[in-house]
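S.K.: Have a peek at run_23.tsv (TSV, C-alpha atoms and all ligand atoms).
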```
chain	number	residue	atom	x	y	z
C	18	MET	CA	127.61	100.99	100.55
C	19	ILE	CA	124.63	99.94	102.67
C	20	ASP	CA	124.73	97.30	105.41
C	21	TRP	CA	121.73	95.33	104.09
C	22	GLN	CA	119.72	93.08	106.40
C	23	TRP	CA	117.54	90.45	104.74
C	24	VAL	CA	114.46	88.88	106.31
C	25	GLU	CA	112.48	86.13	104.55
C	26	LEU	CA	108.84	85.61	105.61
C	27	GLU	CA	106.47	82.84	104.63
C	28	GLU	CA	103.28	84.72	103.83
C	29	VAL	CA	102.50	88.42	103.81
C	30	GLY	CA	99.90	90.72	102.30
C	31	SER	CA	102.59	92.74	100.54
C	32	THR	CA	106.33	92.69	101.25
C	33	SER	CA	106.23	96.47	100.85
C	34	ASP	CA	104.09	96.73	104.01
C	35	GLU	CA	106.69	94.82	106.04
C	36	VAL	CA	109.64	97.15	105.48
C	37	LYS	CA	109.95	99.67	108.27
C	38	LYS	CA	113.38	101.18	107.71
C	39	HIS	CA	116.36	101.95	105.48
C	40	GLY	CA	118.63	99.01	104.69
C	41	VAL	CA	116.10	96.26	105.39
C	42	VAL	CA	115.14	93.78	102.65
C	43	VAL	CA	111.99	91.69	103.13
C	44	SER	CA	111.11	88.80	100.84
C	45	ALA	CA	108.24	86.33	101.10
C	46	LEU	CA	107.30	82.96	99.66
C	47	ARG	CA	103.70	84.08	99.26
C	48	GLN	CA	101.94	87.43	98.90
C	49	THR	CA	98.18	87.55	99.32
C	50	ASP	CA	97.74	91.18	98.37
C	51	GLY	CA	100.59	92.10	96.04
C	52	ARG	CA	100.20	95.50	94.43
C	53	GLY	CA	101.54	97.03	91.24
C	54	ARG	CA	101.85	100.45	89.68
C	55	MET	CA	98.82	102.63	88.97
C	56	GLY	CA	96.57	100.81	91.43
C	57	ARG	CA	96.97	97.45	89.72
C	58	LYS	CA	97.29	94.08	91.47
C	59	TRP	CA	100.47	92.03	91.28
C	60	GLU	CA	99.52	88.40	90.94
C	61	SER	CA	101.94	86.56	93.18
C	62	VAL	CA	102.42	82.96	92.09
C	63	GLU	CA	104.44	80.88	94.58
C	64	GLY	CA	107.94	80.08	93.30
C	65	ASN	CA	108.46	83.63	92.03
C	66	LEU	CA	110.41	86.31	93.84
C	67	PHE	CA	108.71	89.13	95.76
C	68	PHE	CA	110.82	91.49	97.79
C	69	SER	CA	110.94	95.05	99.06
C	70	PHE	CA	113.59	97.20	100.64
C	71	GLY	CA	113.81	100.53	102.39
C	72	ILE	CA	116.22	103.19	101.15
C	73	GLU	CA	116.88	106.76	102.21
C	74	PHE	CA	117.35	108.96	99.16
C	75	GLU	CA	117.08	112.65	98.38
C	76	VAL	CA	113.49	113.17	97.22
C	77	SER	CA	114.49	115.46	94.34
C	78	ARG	CA	116.66	112.64	92.94
C	79	ILE	CA	113.94	110.01	92.90
C	80	GLY	CA	114.14	109.79	89.08
C	81	GLN	CA	117.82	108.84	89.36
C	82	LEU	CA	117.07	106.23	92.02
C	83	ILE	CA	114.46	104.69	89.69
C	84	LEU	CA	117.06	104.36	86.93
C	85	ILE	CA	119.51	102.67	89.34
C	86	ILE	CA	116.85	100.22	90.57
C	87	GLY	CA	115.69	99.17	87.09
C	88	LEU	CA	119.21	98.95	85.68
C	89	SER	CA	120.18	96.68	88.57
C	90	VAL	CA	117.32	94.27	87.76
C	91	ALA	CA	118.32	94.19	84.07
C	92	GLU	CA	121.99	93.60	84.92
C	93	THR	CA	121.06	90.79	87.32
C	94	ILE	CA	119.07	89.07	84.55
C	95	GLY	CA	121.78	89.62	81.94
C	96	ASN	CA	121.95	90.50	78.26
C	97	LYS	CA	118.50	89.14	77.32
C	98	ALA	CA	116.87	91.82	79.51
C	99	LYS	CA	115.35	95.07	78.26
C	100	ILE	CA	114.02	97.94	80.35
C	101	LYS	CA	110.70	99.41	79.28
C	102	TRP	CA	110.55	102.97	80.64
C	103	PRO	CA	110.12	103.76	83.44
C	104	ASN	CA	111.09	100.40	84.87
C	105	ASP	CA	109.36	97.27	83.68
C	106	VAL	CA	111.87	94.62	82.74
C	107	LEU	CA	111.19	92.51	79.66
C	108	VAL	CA	112.71	89.42	78.11
C	109	ASN	CA	111.82	88.69	74.46
C	110	GLY	CA	109.28	91.55	74.56
C	111	LYS	CA	107.39	90.09	77.55
C	112	LYS	CA	107.37	91.37	81.13
C	113	VAL	CA	109.38	89.39	83.70
C	114	SER	CA	109.69	91.99	86.43
C	115	GLY	CA	107.81	94.96	87.82
C	116	ILE	CA	108.98	97.65	90.22
C	117	LEU	CA	106.93	99.80	92.56
C	118	VAL	CA	108.49	102.75	94.40
C	119	GLU	CA	106.55	104.33	97.27
C	120	LYS	CA	107.48	107.14	99.65
C	121	VAL	CA	106.95	106.47	103.37
C	122	ASP	CA	107.99	109.00	106.03
C	123	ASP	CA	111.64	109.87	105.36
C	124	PHE	CA	112.55	106.95	103.10
C	125	PHE	CA	111.41	105.07	99.99
C	126	ILE	CA	110.07	101.55	99.84
C	127	VAL	CA	111.02	99.76	96.66
C	128	GLY	CA	109.04	96.61	95.85
C	129	ILE	CA	110.21	94.26	93.12
C	130	GLY	CA	108.48	91.22	91.66
C	131	VAL	CA	110.44	88.83	89.45
C	132	ASN	CA	108.73	85.98	87.63
C	133	ILE	CA	111.30	83.27	88.20
C	134	LYS	CA	109.30	80.12	87.50
C	135	SER	CA	105.90	81.10	86.10
C	136	SER	CA	103.83	84.04	84.96
C	137	PRO	CA	100.19	85.03	85.27
C	138	LYS	CA	98.47	84.54	81.93
C	139	ILE	CA	96.43	87.64	81.27
C	140	GLU	CA	94.85	87.92	77.83
C	141	GLY	CA	95.01	91.02	75.68
C	142	LEU	CA	98.00	92.76	77.24
C	143	ILE	CA	100.31	94.70	74.92
C	144	TYR	CA	103.20	93.39	76.95
C	145	PRO	CA	102.20	89.90	78.08
C	146	ALA	CA	103.91	88.39	81.09
C	147	THR	CA	106.54	85.69	81.01
C	148	SER	CA	109.03	84.15	83.42
C	149	LEU	CA	112.77	83.68	83.32
C	150	LYS	CA	112.20	79.92	83.16
C	151	GLU	CA	109.82	80.19	80.19
C	152	GLU	CA	112.48	82.24	78.38
C	153	GLY	CA	115.20	79.67	79.09
C	154	ILE	CA	116.90	81.48	81.97
C	155	GLU	CA	117.37	79.27	85.03
C	156	ALA	CA	117.48	81.25	88.28
C	157	ASP	CA	117.14	80.51	91.97
C	158	ARG	CA	115.09	83.10	93.89
C	159	ALA	CA	117.53	83.46	96.82
C	160	GLU	CA	120.56	83.68	94.52
C	161	PHE	CA	118.78	86.20	92.33
C	162	LEU	CA	117.93	88.38	95.33
C	163	ASN	CA	121.48	88.18	96.63
C	164	GLN	CA	122.91	89.11	93.26
C	165	TYR	CA	120.41	91.93	92.87
C	166	ILE	CA	121.41	93.52	96.17
C	167	ASN	CA	125.11	93.27	95.23
C	168	THR	CA	124.43	94.84	91.82
C	169	LEU	CA	122.30	97.58	93.38
C	170	ASP	CA	125.05	98.36	95.86
C	171	LYS	CA	127.66	98.50	93.08
C	172	ASN	CA	125.46	100.89	91.06
C	173	LEU	CA	124.79	103.11	94.08
C	174	GLU	CA	128.55	103.37	94.58
C	175	LEU	CA	129.13	104.16	90.88
C	176	TRP	CA	126.44	106.86	91.09
C	177	GLN	CA	127.96	108.34	94.23
C	178	LYS	CA	131.46	108.46	92.70
C	179	GLU	CA	130.69	109.42	89.10
C	180	GLY	CA	127.16	110.82	89.08
C	181	ILE	CA	124.23	109.88	86.86
C	182	GLU	CA	126.11	109.80	83.52
C	183	PRO	CA	127.48	106.19	83.64
C	184	ILE	CA	124.14	104.96	85.05
C	185	LYS	CA	122.28	106.62	82.18
C	186	THR	CA	124.69	105.18	79.61
C	187	ASN	CA	124.26	101.67	81.01
C	188	TRP	CA	120.49	102.08	81.32
C	189	LEU	CA	120.24	103.10	77.65
C	190	LYS	CA	122.06	99.90	76.62
C	191	TYR	CA	119.05	97.99	77.96
C	192	ALA	CA	116.36	100.44	76.77
C	193	HIS	CA	113.43	98.86	74.95
C	194	ASN	CA	112.32	100.63	71.74
C	195	LEU	CA	115.03	103.31	71.84
C	196	GLY	CA	114.87	105.36	68.63
C	197	LYS	CA	111.46	103.94	67.74
C	198	MET	CA	107.97	105.44	67.55
C	199	ILE	CA	106.14	104.96	70.85
C	200	LYS	CA	102.94	106.08	72.59
C	201	VAL	CA	102.94	107.13	76.24
C	202	LYS	CA	99.63	107.14	78.02
C	203	ASN	CA	98.90	108.59	81.44
C	204	ASN	CA	95.70	109.51	83.25
C	205	THR	CA	95.20	112.72	81.34
C	206	GLN	CA	96.79	112.34	77.92
C	207	THR	CA	98.51	110.25	75.28
C	208	ASN	CA	101.76	111.47	73.69
C	209	GLU	CA	103.28	109.99	70.56
C	210	GLY	CA	106.77	110.36	69.14
C	211	ILE	CA	110.27	108.93	68.76
C	212	PHE	CA	111.82	107.65	71.98
C	213	GLN	CA	115.03	109.72	72.02
C	214	GLY	CA	116.36	108.74	75.44
C	215	ILE	CA	116.11	109.94	79.01
C	216	ASP	CA	117.31	113.05	80.80
C	217	ASP	CA	119.39	113.23	83.99
C	218	ASN	CA	116.25	112.84	86.11
C	219	GLY	CA	115.03	109.78	84.27
C	220	LEU	CA	112.31	111.64	82.35
C	221	LEU	CA	111.52	110.17	78.94
C	222	LEU	CA	112.44	112.31	75.92
C	223	LEU	CA	109.88	112.10	73.15
C	224	GLU	CA	110.47	113.81	69.82
C	225	ASN	CA	107.61	114.90	67.64
C	226	ASN	CA	107.78	117.42	64.75
C	227	ASN	CA	111.31	118.45	65.81
C	228	LYS	CA	110.08	119.24	69.30
C	229	THR	CA	111.21	117.29	72.35
C	230	THR	CA	108.73	116.70	75.16
C	231	LYS	CA	109.77	115.43	78.59
C	232	ILE	CA	107.41	112.81	80.01
C	233	ILE	CA	107.22	112.40	83.77
C	234	ALA	CA	104.92	109.39	84.08
C	235	GLY	CA	102.91	106.97	82.00
C	236	ASP	CA	102.65	103.61	80.34
C	237	VAL	CA	104.56	103.08	77.11
C	238	THR	CA	102.76	101.16	74.37
O	1	LIG	C1	104.26	96.80	88.50
O	1	LIG	O1	104.84	96.42	87.48
O	1	LIG	O2	103.09	97.22	88.45
O	1	LIG	C2	104.99	96.77	89.81
O	1	LIG	C3	104.84	95.46	90.49
O	1	LIG	C4	105.57	95.38	91.83
O	1	LIG	C5	105.33	94.05	92.51
O	1	LIG	C6	106.20	93.88	93.73
O	1	LIG	S1	106.17	92.22	94.36
O	1	LIG	C7	107.01	92.75	95.79
O	1	LIG	C8	106.40	94.07	96.19
O	1	LIG	N1	105.20	93.86	96.98
O	1	LIG	C9	104.11	94.34	96.36
O	1	LIG	O3	102.97	94.31	96.84
O	1	LIG	N2	104.44	94.87	95.18
O	1	LIG	C10	105.87	94.77	94.93
```
When written as structure tokens, how does the structure in this file appear?

M.R.:
Amino acid sequence: MIDWQWVELEEVGSTSDEVKKHGVVVSALRQTDGRGRMGRKWESVEGNLFFSFGIEFEVSRIGQLILIIGLSVAETIGNKAKIKWPNDVLVNGKKVSGILVEKVDDFFIVGIGVNIKSSPKIEGLIYPATSLKEEGIEADRAEFLNQYINTLDKNLELWQKEGIEPIKTNWLKYAHNLGKMIKVKNNTQTNEGIFQGIDDNGLLLLENNNKTTKIIAGDVT
């Protein structure tokens, strides 16, 4: 689908600041200023995988792109993976991977962190961090990245040929807490209800008192 070019750097502030165009993948051994969603920091322990890539995508379909990106991480990890909406990836209820999507000029920069060997130990989190190694999954960072790009490419092709439906179906197979009571918190409000699924744009469907609300953004607890 895309003729990917991969560059590996030794040390960067953030791999997401090094990507200047569509089709380029930048990884680094060390990140000194890794960033996460909602203004948070991404603690970048050496031995883990940090990479970013540029991708041109219709802006109105960003929700679909986010589903494709997260699904591809889960599929690369395998059947122990779960996706916590919108796109944290968990193993055994703990976070192994985070995804940050940013819009720059006429393309998106997608940054992905995967805890391959170790995880930052932060007390008091609802979803504590873990690593693939700590959960008994052996992975090599270069092989993981290679497999991720192949899986992403395969899913982009599936999406182009058959639309969002098969992507959604596959995403839901990995969904964390599907059918359960959840709370979604964003800057302005907290919504509570049963996690019913996602719509074609990747919005979360929350049912409460027989009414379904579509959630655009937030943290699920
Ligand atoms: C999150 O869960 O908050 C998203 C974390 C995204 C971290 C990755 S690591 C590679 C890329 N470079 C960054 O500075 N952030 C992303």

S.K.: Excluding Trp176 (chain C) and its own-chain neighbours fewer than 5 positions away, which residues fall within 10 Å of it when counting only C-alpha atoms? Please give them as JSON, numbers by chain.

M.R.: {"C": [81, 82, 85, 170, 171, 181, 182, 183, 184, 185]}

S.K.: Identify, counting only C-alpha atoms and all ligand atoms, the protein, DNA and RNA residues located within 7 Å of ligand LIG 1 (chain O), and give them as a list in words.

M.R.: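 What falls inside 7 Å of ligand LIG 1 (chain O) is Ser31, Thr32, Ser33, Asp50, Gly51, Arg52, Gly53, Arg54, Met55, Arg57, Trp59, Phe67, Phe68, Ser69, Asp105, Ser114, Gly115, Ile116, Leu117, Gly128, Ile129 and Gly130 of chain C.
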
S.K.: For the residues in that selection, give me C-alpha atoms as an mmCIF file, keeping the file's coordinate frame.

M.R.:
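Result saved to selection_8.cif:
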```cif
data_model
loop_
_atom_site.group_PDB
_atom_site.id
_atom_site.type_symbol
_atom_site.label_atom_id
_atom_site.label_comp_id
_atom_site.auth_asym_id
_atom_site.auth_seq_id
_atom_site.Cartn_x
_atom_site.Cartn_y
_atom_site.Cartn_z
ATOM 1 C CA SER C 31 102.590 92.740 100.540
ATOM 2 C CA THR C 32 106.330 92.690 101.250
ATOM 3 C CA SER C 33 106.230 96.470 100.850
ATOM 4 C CA ASP C 50 97.740 91.180 98.370
ATOM 5 C CA GLY C 51 100.590 92.100 96.040
ATOM 6 C CA ARG C 52 100.200 95.500 94.430
ATOM 7 C CA GLY C 53 101.540 97.030 91.240
ATOM 8 C CA ARG C 54 101.850 100.450 89.680
ATOM 9 C CA MET C 55 98.820 102.630 88.970
ATOM 10 C CA ARG C 57 96.970 97.450 89.720
ATOM 11 C CA TRP C 59 100.470 92.030 91.280
ATOM 12 C CA PHE C 67 108.710 89.130 95.760
ATOM 13 C CA PHE C 68 110.820 91.490 97.790
ATOM 14 C CA SER C 69 110.940 95.050 99.060
ATOM 15 C CA ASP C 105 109.360 97.270 83.680
ATOM 16 C CA SER C 114 109.690 91.990 86.430
ATOM 17 C CA GLY C 115 107.810 94.960 87.820
ATOM 18 C CA ILE C 116 108.980 97.650 90.220
ATOM 19 C CA LEU C 117 106.930 99.800 92.560
ATOM 20 C CA GLY C 128 109.040 96.610 95.850
ATOM 21 C CA ILE C 129 110.210 94.260 93.120
ATOM 22 C CA GLY C 130 108.480 91.220 91.660
#
```

S.K.: For Lys202 (chain C), please output as a list in words all residues within 7 Å (counting only C-alpha atoms; exclusion window: fewer than 6 positions along the same chain).

M.R.: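 Answer for this query is Asn208, Gly235, Asp236 and Val237 of chain C.
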
S.K.: List as an mmCIF file with C-alpha atoms, keeping the file's coordinate frame the protein and nucleic acid residues near region 88-90 of chain C, meaning an atom at most 6 Å away when all atoms listed in the file are counted, but skip any in the same chain fewer than 5 places from it.

M.R.:
```cif
data_model
loop_
_atom_site.group_PDB
_atom_site.id
_atom_site.type_symbol
_atom_site.label_atom_id
_atom_site.label_comp_id
_atom_site.auth_asym_id
_atom_site.auth_seq_id
_atom_site.Cartn_x
_atom_site.Cartn_y
_atom_site.Cartn_z
ATOM 1 C CA THR C 168 124.430 94.840 91.820
ATOM 2 C CA LEU C 169 122.300 97.580 93.380
ATOM 3 C CA TRP C 188 120.490 102.080 81.320
#
```

S.K.: Provide an axis-aligned box for all listed atoms of region 148-160 of chain C, padding each side by 8 Å; report its centre and its edge lengths in Å to one decimal, as JSON.

M.R.:
```
{"center_x": 114.8, "center_y": 81.7, "center_z": 87.6, "size_x": 27.5, "size_y": 20.9, "size_z": 34.4}
```

S.K.: Between CA of Asp34 (chain C) and CA of Ala91 (chain C), what distance in Å does the model show, to one decimal?

M.R.: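 The value is 24.6 Å.
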
S.K.: Within 7 Å of region 229-234 of chain C, counting all atoms listed in the file, which residues qualify if same-chain residues fewer than 6 places away don't, as a list in words?

M.R.: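 In the requested form, the answer reads Asn203, Leu220, Leu221, Leu222 and Leu223 of chain C.
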
S.K.: Take CA of Val24 (chain C) and CA of Phe70 (chain C) and report the distance between them in Å, one decimal.

M.R.: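 CA of Phe70 (chain C) lies 10.1 Å from CA of Val24 (chain C).
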